[in-house]
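Written out below as structure tokens is the structure these notes cover.
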Amino acid sequence: TRRASSAVSSMQGGPDASGGPHTGTTIVAVAYDGGVVLGADSRVSTGAYVSNRASNKITNLCDNVFLCRSGSAAHTEAISDYVRFYTSQHVSETQQQPSVKSVASILYQMSYSNKGLMAAMIVAGYDPASGGKVFGSPIGGTLVEMPWAIEGSGSTYIWSYFDDEYKEGLSREETEELVLRGIAHAMARDGSSGGLIRLVTVDKDGAAKRTVQGKDVPLILGDMPEPGTNAATVVW
């Protein structure tokens, strides 16, 4: 069932103490030579309350294009459902895999025509003609193509990290590590980002999904490691 939009139940946080919504999450997409890597944390919050610690914020729009969602869960899920529907119609009519730009343009039309939506999203994927592509769609509905994009409250902590660490010509493994460590940095500083980290890599061979459990998330300076289980730490 759809989350109640009347309360603006947000996958990245509902109304805060002042009554205004916020987008507490961290989503990332980075293109590399031959594909694209998307990543997201999994914490769902409503204000200060964590309602779900293992949500999936990366949604497939078709076989070769995925959507990272931040903002109101009700709004972003509705948009993704519509975009998936219109994309499937496009595929049925053309009998071929859609380009990433075509799918992103559908999302742009949906978002720009409904400016009241609380939705900051990233569309990314791979098509043979263009390779890996990333399109940012912040709140308001604009659409911008870029080599990498980040959104959500955690993004404010890692802009300089990606400015410094991203370089052209990264390999698939280097890009996956960049996305993983970037989200880990955001989770270490942003109270609205947390849980586990999900990665989706899309290339000519299709989509490969990876889940990094909380205990395997890279430790960032200031983080406390998970305590080991031994006789001294067991509480009877």
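Letters A, B, ... go to the chains of the structure tokens in the order shown; residues in each chain start at 1; ligands are counted from 1 in the same order.
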With the cut-off set at 6 Å and counting only C-alpha atoms, tabulate each residue of stretch 111-179 of chain A with an atom at most that distance from an atom of stretch 26-30 of chain A, showing the nearest atom pair and its distance in Å to one decimal, ordered by chain and increasing number, as a tab-separated table.
```
residue	atom	partner	partner_atom	distance
A:Trp148	CA	A:Val30	CA	4.2
A:Ala149	CA	A:Ala29	CA	5.4
A:Ile150	CA	A:Val28	CA	4.5
A:Glu151	CA	A:Ile27	CA	5.4
A:Gly152	CA	A:Thr26	CA	4.9
A:Gly154	CA	A:Thr26	CA	4.8
A:Ser155	CA	A:Thr26	CA	5.9
```
Quick one: residues within 10 Å of stretch 130-147 of chain A, only C-alpha atoms counted, chain neighbours fewer than 5 positions away excluded, as JSON, numbers by chain?
{"A": [28, 29, 30, 31, 32, 33, 34, 35, 36, 37, 38, 64, 65, 66, 67, 68, 69, 70, 71, 99, 100, 101, 104, 105, 107, 108, 109, 110, 111, 112, 113, 114, 115, 116, 117, 118, 119, 120, 121, 122, 123, 124, 125, 152, 166, 167, 168, 201, 202, 203, 204]}
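Closest to A:Arg181 among A:Ala40, A:Ile58, A:Ala48, A:Val200 is A:Ala40, based on only C-alpha atoms.
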Using only C-alpha atoms, find each residue in stretch 77-182 of chain A having at least one atom no more than 12 Å away from stretch 210-221 of chain A; report its shortest atom-to-atom pair and that distance in Å (one decimal), rows by chain then rising number, as CSV.
```
residue,atom,partner,partner_atom,distance
A:Glu176,CA,A:Arg210,CA,9.9
A:Glu177,CA,A:Pro218,CA,10.0
A:Leu178,CA,A:Pro218,CA,11.4
A:Val179,CA,A:Pro218,CA,11.5
A:Leu180,CA,A:Val217,CA,8.0
A:Arg181,CA,A:Pro218,CA,6.6
A:Gly182,CA,A:Pro218,CA,9.8
```
Restricting the calculation to only C-alpha atoms: of A:Gly194, A:Asp63, A:Ala208, A:Val83, which residue gets closest to A:Asp127?
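Checking each of A:Gly194, A:Asp63, A:Ala208, A:Val83 against A:Asp127, counting only C-alpha atoms, the winner is A:Asp63.
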Those in stretch 35-176 of chain A with alpha helix (DSSP H) from DSSP, as a VMD selection string
chain A and resid 73 to 94 100 to 112 159 to 165 172 to 176
Restricting it to N, CA and C atoms, dump the selection as a tab-separated table (two decimals), in the first residue's frame.
```
chain	number	residue	atom	x	y	z
A	73	ALA	N	8.37	9.54	0.03
A	73	ALA	CA	8.25	8.19	-0.52
A	73	ALA	C	7.02	8.09	-1.41
A	74	ALA	N	5.91	8.66	-0.97
A	74	ALA	CA	4.68	8.60	-1.76
A	74	ALA	C	4.87	9.27	-3.12
A	75	HIS	N	5.54	10.42	-3.14
A	75	HIS	CA	5.73	11.15	-4.39
A	75	HIS	C	6.70	10.42	-5.32
A	76	THR	N	7.85	9.99	-4.79
A	76	THR	CA	8.85	9.36	-5.65
A	76	THR	C	8.39	8.00	-6.15
A	77	GLU	N	7.63	7.26	-5.33
A	77	GLU	CA	7.11	5.98	-5.80
A	77	GLU	C	6.06	6.19	-6.88
A	78	ALA	N	5.22	7.20	-6.74
A	78	ALA	CA	4.22	7.49	-7.77
A	78	ALA	C	4.90	7.87	-9.09
A	79	ILE	N	5.92	8.73	-9.02
A	79	ILE	CA	6.64	9.13	-10.23
A	79	ILE	C	7.28	7.92	-10.89
A	80	SER	N	7.95	7.09	-10.11
A	80	SER	CA	8.63	5.92	-10.68
A	80	SER	C	7.64	4.96	-11.32
A	81	ASP	N	6.46	4.80	-10.72
A	81	ASP	CA	5.43	3.93	-11.31
A	81	ASP	C	4.98	4.46	-12.67
A	82	TYR	N	4.73	5.77	-12.75
A	82	TYR	CA	4.30	6.36	-14.02
A	82	TYR	C	5.40	6.26	-15.08
A	83	VAL	N	6.64	6.58	-14.68
A	83	VAL	CA	7.74	6.52	-15.65
A	83	VAL	C	7.94	5.09	-16.14
A	84	ARG	N	7.84	4.13	-15.24
A	84	ARG	CA	7.98	2.72	-15.64
A	84	ARG	C	6.88	2.33	-16.64
A	85	PHE	N	5.66	2.80	-16.39
A	85	PHE	CA	4.54	2.49	-17.28
A	85	PHE	C	4.76	3.08	-18.67
A	86	TYR	N	5.11	4.37	-18.74
A	86	TYR	CA	5.31	5.01	-20.04
A	86	TYR	C	6.53	4.46	-20.75
A	87	THR	N	7.54	4.07	-20.00
A	87	THR	CA	8.73	3.47	-20.61
A	87	THR	C	8.39	2.12	-21.23
A	88	SER	N	7.58	1.33	-20.53
A	88	SER	CA	7.18	0.03	-21.07
A	88	SER	C	6.37	0.20	-22.36
A	89	GLN	N	5.53	1.23	-22.41
A	89	GLN	CA	4.80	1.53	-23.64
A	89	GLN	C	5.75	1.88	-24.78
A	90	HIS	N	6.76	2.69	-24.45
A	90	HIS	CA	7.76	3.10	-25.44
A	90	HIS	C	8.50	1.88	-25.99
A	91	VAL	N	8.86	0.96	-25.10
A	91	VAL	CA	9.56	-0.25	-25.51
A	91	VAL	C	8.66	-1.12	-26.40
A	92	SER	N	7.39	-1.21	-26.05
A	92	SER	CA	6.45	-2.00	-26.84
A	92	SER	C	6.28	-1.43	-28.25
A	93	GLU	N	6.29	-0.11	-28.35
A	93	GLU	CA	6.11	0.52	-29.65
A	93	GLU	C	7.36	0.43	-30.52
A	94	THR	N	8.52	0.61	-29.92
A	94	THR	CA	9.77	0.65	-30.70
A	94	THR	C	10.44	-0.72	-30.81
A	100	VAL	N	18.96	6.02	-22.13
A	100	VAL	CA	18.85	6.58	-20.78
A	100	VAL	C	18.23	7.97	-20.85
A	101	LYS	N	18.61	8.76	-21.86
A	101	LYS	CA	18.08	10.11	-21.99
A	101	LYS	C	16.58	10.10	-22.23
A	102	SER	N	16.07	9.12	-23.00
A	102	SER	CA	14.63	9.04	-23.25
A	102	SER	C	13.86	8.80	-21.96
A	103	VAL	N	14.36	7.87	-21.14
A	103	VAL	CA	13.69	7.58	-19.87
A	103	VAL	C	13.78	8.78	-18.93
A	104	ALA	N	14.95	9.43	-18.90
A	104	ALA	CA	15.12	10.61	-18.05
A	104	ALA	C	14.18	11.74	-18.49
A	105	SER	N	13.93	11.84	-19.79
A	105	SER	CA	13.04	12.89	-20.30
A	105	SER	C	11.60	12.65	-19.86
A	106	ILE	N	11.19	11.39	-19.78
A	106	ILE	CA	9.85	11.08	-19.28
A	106	ILE	C	9.73	11.52	-17.82
A	107	LEU	N	10.75	11.20	-17.02
A	107	LEU	CA	10.74	11.61	-15.61
A	107	LEU	C	10.72	13.13	-15.49
A	108	TYR	N	11.48	13.80	-16.35
A	108	TYR	CA	11.51	15.27	-16.34
A	108	TYR	C	10.12	15.85	-16.59
A	109	GLN	N	9.39	15.30	-17.57
A	109	GLN	CA	8.06	15.79	-17.87
A	109	GLN	C	7.12	15.60	-16.68
A	110	MET	N	7.22	14.43	-16.04
A	110	MET	CA	6.37	14.15	-14.88
A	110	MET	C	6.68	15.10	-13.72
A	111	SER	N	7.96	15.28	-13.45
A	111	SER	CA	8.37	16.08	-12.29
A	111	SER	C	8.17	17.57	-12.52
A	112	TYR	N	8.53	18.06	-13.71
A	112	TYR	CA	8.42	19.49	-13.99
A	112	TYR	C	6.97	19.95	-14.06
A	159	TRP	N	30.13	16.67	-0.96
A	159	TRP	CA	30.39	17.36	-2.22
A	159	TRP	C	31.89	17.48	-2.47
A	160	SER	N	32.63	17.91	-1.49
A	160	SER	CA	34.08	18.09	-1.68
A	160	SER	C	34.78	16.75	-1.87
A	161	TYR	N	34.24	15.69	-1.25
A	161	TYR	CA	34.83	14.37	-1.42
A	161	TYR	C	34.76	13.94	-2.89
A	162	PHE	N	33.59	14.09	-3.51
A	162	PHE	CA	33.46	13.70	-4.91
A	162	PHE	C	34.18	14.67	-5.84
A	163	ASP	N	34.20	15.96	-5.49
A	163	ASP	CA	34.98	16.91	-6.29
A	163	ASP	C	36.44	16.50	-6.34
A	164	ASP	N	36.95	16.01	-5.23
A	164	ASP	CA	38.37	15.67	-5.13
A	164	ASP	C	38.68	14.28	-5.67
A	165	GLU	N	37.79	13.31	-5.43
A	165	GLU	CA	38.09	11.91	-5.73
A	165	GLU	C	37.67	11.47	-7.14
A	172	ARG	N	35.50	0.14	-13.37
A	172	ARG	CA	34.28	-0.26	-12.67
A	172	ARG	C	34.56	-0.43	-11.19
A	173	GLU	N	35.63	-1.13	-10.84
A	173	GLU	CA	35.94	-1.38	-9.43
A	173	GLU	C	36.24	-0.09	-8.69
A	174	GLU	N	36.96	0.83	-9.32
A	174	GLU	CA	37.27	2.11	-8.68
A	174	GLU	C	36.00	2.94	-8.48
A	175	THR	N	35.09	2.88	-9.43
A	175	THR	CA	33.85	3.64	-9.32
A	175	THR	C	32.97	3.07	-8.21
A	176	GLU	N	32.87	1.76	-8.12
A	176	GLU	CA	32.09	1.14	-7.04
A	176	GLU	C	32.67	1.51	-5.68
```
As a PyMOL selection string, list the residues of chain A assigned to strand (DSSP E or B) by DSSP on the backbone atoms of this structure.
chain A and resi 10+15+21+27-32+35-40+44-46+49-52+58-62+65-72+119-127+131-137+144-145+148-151+197-203+206-212
Counting only C-alpha atoms, the residue among A:Ala129, A:Ala54, A:Ser42, A:Thr156 that lies closest to A:His185 is A:Thr156
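A straight line drawn from atom CA of A:Gln96 to atom CA of A:Gly39 is 26.7 Å long.
Ranking A:Ile158, A:Ser171, A:Asn56, A:Tyr126 by their shortest atom-to-atom distance to A:Leu199, with only C-alpha atoms included, puts A:Asn56 first.
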Could you state the separation of atom CA of A:Asn52 and atom CA of A:Arg189 in Å, given to one decimal place?
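Straight-line distance from atom CA of A:Asn52 to atom CA of A:Arg189 works out to 19.0 Å.
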Which residue is closest to A:Ala184? Choose from A:Asp41, A:Ala207, A:Gly24, A:Gly169 and count only C-alpha atoms.
A:Asp41
